[in-house]
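Trainee: File follows, coords15.txt with compact mmCIF, C-alpha atoms (C1' of nucleotides):
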# COMPACT_ATOMS: atom_id res chain seq x y z
CA MET U 1 0.00 0.00 0.00
CA ALA U 2 1.30 3.42 -0.98
CA TYR U 3 0.83 6.97 0.24
CA TRP U 4 0.00 10.03 -1.85
CA LEU U 5 -0.65 13.74 -1.58
CA PHE U 6 -3.51 15.20 -3.64
CA LYS U 7 -3.93 18.94 -3.99
CA THR U 8 -7.17 20.83 -4.26
CA GLU U 9 -8.27 24.42 -4.14
CA PRO U 10 -10.79 24.47 -1.30
CA HIS U 11 -12.98 27.14 -2.91
CA GLU U 12 -13.45 24.67 -5.79
CA TYR U 13 -13.54 21.44 -3.82
CA SER U 14 -12.49 21.05 -0.19
CA ILE U 15 -12.01 18.20 2.21
CA ASP U 16 -15.39 19.15 3.69
CA ASP U 17 -17.01 18.47 0.33
CA LEU U 18 -15.31 15.08 0.27
CA ALA U 19 -16.53 14.39 3.82
CA LEU U 20 -20.09 15.21 2.73
CA ALA U 21 -19.84 12.55 0.03
CA GLY U 22 -19.68 10.02 2.85
CA SER U 23 -18.80 6.37 2.58
CA SER U 24 -19.69 6.14 -1.10
CA GLY U 25 -16.79 8.46 -1.93
CA ALA U 26 -16.47 10.94 -4.78
CA PRO U 27 -14.55 11.27 -8.02
CA TRP U 28 -11.32 13.24 -7.93
CA ASP U 29 -11.53 14.86 -11.33
CA GLY U 30 -9.97 17.59 -13.38
CA ILE U 31 -6.42 16.23 -13.42
CA ARG U 32 -4.96 17.62 -16.65
CA ASN U 33 -1.24 17.18 -16.24
CA TYR U 34 0.61 14.26 -17.76
CA GLN U 35 2.87 13.48 -14.84
CA ALA U 36 -0.08 13.47 -12.45
CA ARG U 37 -2.13 11.46 -14.96
CA ASN U 38 0.56 8.81 -15.23
CA LEU U 39 0.73 8.40 -11.46
CA LEU U 40 -3.06 8.15 -11.22
CA ARG U 41 -3.38 5.69 -14.07
CA ASP U 42 -0.37 3.49 -13.43
CA GLN U 43 0.45 3.56 -9.75
CA VAL U 44 -2.42 4.62 -7.53
CA ALA U 45 -3.90 1.43 -6.07
CA LEU U 46 -7.10 0.49 -4.29
CA ARG U 47 -7.02 1.43 -0.59
CA ASP U 48 -3.88 3.55 -0.92
CA ARG U 49 -4.03 6.43 1.53
CA VAL U 50 -3.97 10.09 0.58
CA LEU U 51 -3.01 13.35 2.28
CA ILE U 52 -5.46 16.05 1.23
CA TYR U 53 -3.72 19.38 0.63
CA HIS U 54 -5.50 22.72 0.31
CA SER U 55 -3.76 25.12 -2.09
CA SER U 56 -4.39 28.67 -3.29
CA CYS U 57 -6.17 29.80 -0.14
CA SER U 58 -5.43 31.63 3.10
CA ALA U 59 -4.62 28.42 4.98
CA VAL U 60 -2.47 26.26 2.74
CA GLY U 61 -1.41 22.86 4.00
CA VAL U 62 -2.39 19.27 4.65
CA VAL U 63 -5.84 19.15 6.23
CA GLY U 64 -6.75 15.48 6.46
CA ILE U 65 -6.67 12.05 4.92
CA ALA U 66 -8.65 9.93 2.48
CA ARG U 67 -8.45 6.56 0.84
CA ILE U 68 -8.61 5.37 -2.76
CA SER U 69 -12.00 3.72 -3.24
CA ARG U 70 -11.79 3.18 -7.01
CA THR U 71 -8.73 2.97 -9.22
CA ALA U 72 -8.25 4.92 -12.43
CA TYR U 73 -11.03 5.07 -14.99
CA VAL U 74 -11.61 7.33 -17.98
CA ASP U 75 -12.66 10.84 -16.95
CA PRO U 76 -15.86 11.49 -18.95
CA ASP U 77 -15.50 15.27 -18.69
CA GLN U 78 -12.85 15.22 -21.39
CA TYR U 79 -15.61 14.46 -23.94
CA ASP U 80 -18.07 17.07 -22.64
CA SER U 81 -17.67 20.26 -24.67
CA THR U 82 -19.51 22.24 -21.97
CA SER U 83 -17.09 21.16 -19.25
CA PRO U 84 -14.07 23.23 -18.26
CA TYR U 85 -12.15 19.95 -18.47
CA TYR U 86 -13.12 19.32 -22.10
CA ASP U 87 -10.23 18.22 -24.30
CA HIS U 88 -10.92 18.26 -28.04
CA LYS U 89 -7.96 15.98 -28.69
CA ALA U 90 -9.30 13.15 -26.54
CA THR U 91 -11.05 10.36 -28.45
CA ALA U 92 -12.96 7.26 -27.40
CA ASP U 93 -10.12 5.11 -28.73
CA ALA U 94 -7.43 7.18 -27.08
CA PRO U 95 -8.65 8.79 -23.88
CA ARG U 96 -6.18 11.23 -22.43
CA TRP U 97 -7.41 11.75 -18.90
CA TYR U 98 -8.32 9.56 -15.98
CA ARG U 99 -9.67 9.97 -12.50
CA VAL U 100 -9.96 7.94 -9.33
CA ASP U 101 -12.53 7.95 -6.53
CA LEU U 102 -11.67 8.91 -2.97
CA VAL U 103 -13.45 8.25 0.27
CA PHE U 104 -13.02 10.63 3.20
CA GLU U 105 -11.24 9.19 6.19
CA ALA U 106 -10.39 11.93 8.70
CA LEU U 107 -9.96 15.62 9.26
CA PHE U 108 -6.72 16.41 11.08
CA PRO U 109 -7.09 17.93 14.56
CA LYS U 110 -4.59 20.51 13.37
CA ARG U 111 -3.73 21.56 9.84
CA VAL U 112 -0.12 20.97 8.86
CA SER U 113 0.73 24.23 7.13
CA LEU U 114 3.11 24.63 4.22
CA ALA U 115 5.26 26.79 6.50
CA THR U 116 5.48 23.95 9.03
CA ILE U 117 6.41 21.49 6.30
CA LYS U 118 9.16 23.86 5.09
CA ASN U 119 10.44 24.21 8.64
CA THR U 120 10.53 20.47 9.37
CA PRO U 121 13.90 19.03 8.31
CA GLN U 122 12.51 15.48 8.05
CA LEU U 123 10.10 16.74 5.36
CA SER U 124 12.64 18.58 3.24
CA ASP U 125 12.53 15.88 0.56
CA MET U 126 8.78 16.07 0.03
CA VAL U 127 7.82 16.38 -3.62
CA LEU U 128 5.63 19.28 -2.53
CA LEU U 129 8.72 21.40 -1.93
CA ARG U 130 10.60 20.22 -4.99
CA GLN U 131 7.86 20.13 -7.57
CA PRO U 132 5.34 22.55 -6.15
CA ARG U 133 3.06 22.41 -9.17
CA LEU U 134 2.45 18.67 -9.29
CA SER U 135 -1.09 17.94 -8.11
CA ILE U 136 -0.69 14.19 -7.47
CA GLN U 137 2.48 13.28 -5.57
CA PRO U 138 3.98 10.24 -3.92
CA VAL U 139 4.62 10.41 -0.16
CA THR U 140 7.04 8.14 1.68
CA ASP U 141 6.17 6.09 4.76
CA SER U 142 8.28 8.31 6.99
CA GLN U 143 6.80 11.50 5.54
CA TRP U 144 3.32 10.07 6.14
CA ARG U 145 4.15 9.34 9.77
CA GLN U 146 5.75 12.73 10.29
CA ILE U 147 2.78 14.62 8.84
CA ASN U 148 0.38 12.62 11.01
CA ALA U 149 2.50 13.31 14.09
CA LEU U 150 2.48 17.06 13.36
CA ALA U 151 -1.28 16.97 12.78
CA ASN U 152 -1.83 15.50 16.22
CA ALA U 153 0.88 17.36 18.12
CA GLY U 154 -0.40 19.00 21.25
CA CYS U 155 -3.82 17.34 21.03
C1' DG N 1 -3.23 41.05 -7.87
C1' DC N 2 1.55 40.06 -8.78
C1' DC N 3 4.91 37.33 -10.42
C1' DA N 4 8.12 33.29 -10.67
C1' DA N 5 8.27 28.71 -12.08
C1' DC N 6 7.10 25.55 -15.09
C1' DG N 7 4.12 22.86 -18.40
C1' DT N 8 2.10 22.88 -23.10
C1' DT N 9 1.54 24.20 -27.84
C1' DG N 10 2.69 24.88 -32.36
C1' DG N 11 5.59 26.87 -36.10
C1' DC N 12 9.64 25.99 -38.35
C1' DG D 1 13.23 18.15 -32.40
C1' DC D 2 13.92 22.94 -30.97
C1' DC D 3 12.37 26.75 -28.86
C1' DA D 4 9.55 30.98 -28.40
C1' DA D 5 5.14 32.20 -26.97
C1' DC D 6 1.69 31.43 -24.16
C1' DG D 7 -1.14 29.58 -20.34
C1' DT D 8 -1.50 27.85 -15.63
C1' DT D 9 -0.29 27.09 -10.90
C1' DG D 10 0.21 28.58 -6.55
C1' DG D 11 2.61 31.23 -2.78
C1' DC D 12 2.74 35.59 -1.01
Could you take the file, read its structure, and then write that structure out as structure tokens?
Mentor:
Amino acid sequence: MAYWLFKTEPHEYSIDDLALAGSSGAPWDGIRNYQARNLLRDQVALRDRVLIYHSSCSAVGVVGIARISRTAYVDPDQYDSTSPYYDHKATADAPRWYRVDLVFEALFPKRVSLATIKNTPQLSDMVLLRQPRLSIQPVTDSQWRQINALANAGC
DNA sequence: GCCAACGTTGGC
DNA sequence: GCCAACGTTGGC
């Protein structure tokens, strides 16, 4: 089982929205970057665990965790010309974009801010700091444990 | 809202 | 296949 970090802009879709989807989970859509697509399609496995990261907001950081409830399948929005995720180069024979489903697992007692991550030496190798624009990222076992420890520190 | 970093597109 | 132009991301 592997660990991941998925980014979202909370004004578009937040961890609270994922929590509202309940035990049936919700699709994680709109991934339109090849490196992220390849990870989703080829490596993300059922029941892998995911750090949910809120970006582009006043409180950036890791806010909770989720689990993969369905592995990669073709994202139908790429064929919908009214969708912001429409891609005119995608065909039925050669889909370009995929998505997975996530199920909410927990909200952290305390958000682990980007500033905290930057200030924690054990997290200096996180992909988040090295490839800040990648929206689907692998997380190591030790990074996972460290983030969870920070999220629960002082609680 | 600004701007740096970086990914994508398309002409040649 | 190169690379300039352009678009997007995301922190501040």
Trainee: Pick out the chain N residues within 9 Å of chain U. Count only C-alpha atoms (C1' of nucleotides). Give them as a ChimeraX atom specification.
Mentor: /N:5-7
Trainee: Using C1' of DT8 (chain N) and CA of Arg99 (chain U) as the two end points, give the distance in Å to one decimal.
Mentor: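 Interatomic distance, C1' of DT8 (chain N) to CA of Arg99 (chain U): 20.4 Å.
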Trainee: Between U:Trp97, U:Tyr13, U:Phe108, U:Tyr86, which is the closest to Ser55 (chain U) once you count all atoms listed in the file?
Mentor: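 Of U:Trp97, U:Tyr13, U:Phe108, U:Tyr86, the one nearest Ser55 (chain U), counting all atoms listed in the file, is U:Tyr13.
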Trainee: Tell me which of U:Leu150, U:Val139, U:Ala2, U:Val74 sits closest to Arg96 (chain U), counting only C-alpha atoms.
Mentor: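 Selected residue with least distance to Arg96 (chain U): U:Val74.
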Trainee: I'd like the interatomic distance between CA of Thr140 (chain U) and CA of Asp48 (chain U), to a tenth of an Å.
Mentor: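 Value for the CA of Thr140 (chain U)-CA of Asp48 (chain U) distance: 12.1 Å.
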Trainee: Give me, as a PyMOL selection string, all polymer residues having an atom no more than 8 Å from Gln78 (chain U), counting all atoms listed in the file and skipping those fewer than 2 positions away in the same chain.
Mentor: chain U and resi 75-76+80-81+83+85-88+90+96-97
Trainee: Which distance in Å separates CA of Pro138 (chain U) and C1' of DT9 (chain N), to one decimal?
Mentor: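 Between these atoms lies a distance of 27.8 Å.
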Trainee: What's around Val60 (chain U) at 8 Å? Count all atoms listed in the file, leave out sequence neighbours fewer than 4 positions away in its own chain, and write the answer as a PDB file with C-alpha atoms, in the coordinates of the input.
Mentor:
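Below is the file that was written, selection08.pdb:
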ATOM      1  CA  TYR U  53      -3.720  19.380   0.630  1.00  0.00           C
ATOM      2  CA  HIS U  54      -5.500  22.720   0.310  1.00  0.00           C
ATOM      3  CA  SER U  55      -3.760  25.120  -2.090  1.00  0.00           C
ATOM      4  CA  SER U  56      -4.390  28.670  -3.290  1.00  0.00           C
ATOM      5  CA  SER U 113       0.730  24.230   7.130  1.00  0.00           C
ATOM      6  CA  LEU U 114       3.110  24.630   4.220  1.00  0.00           C
TER       7      LEU U 114
END
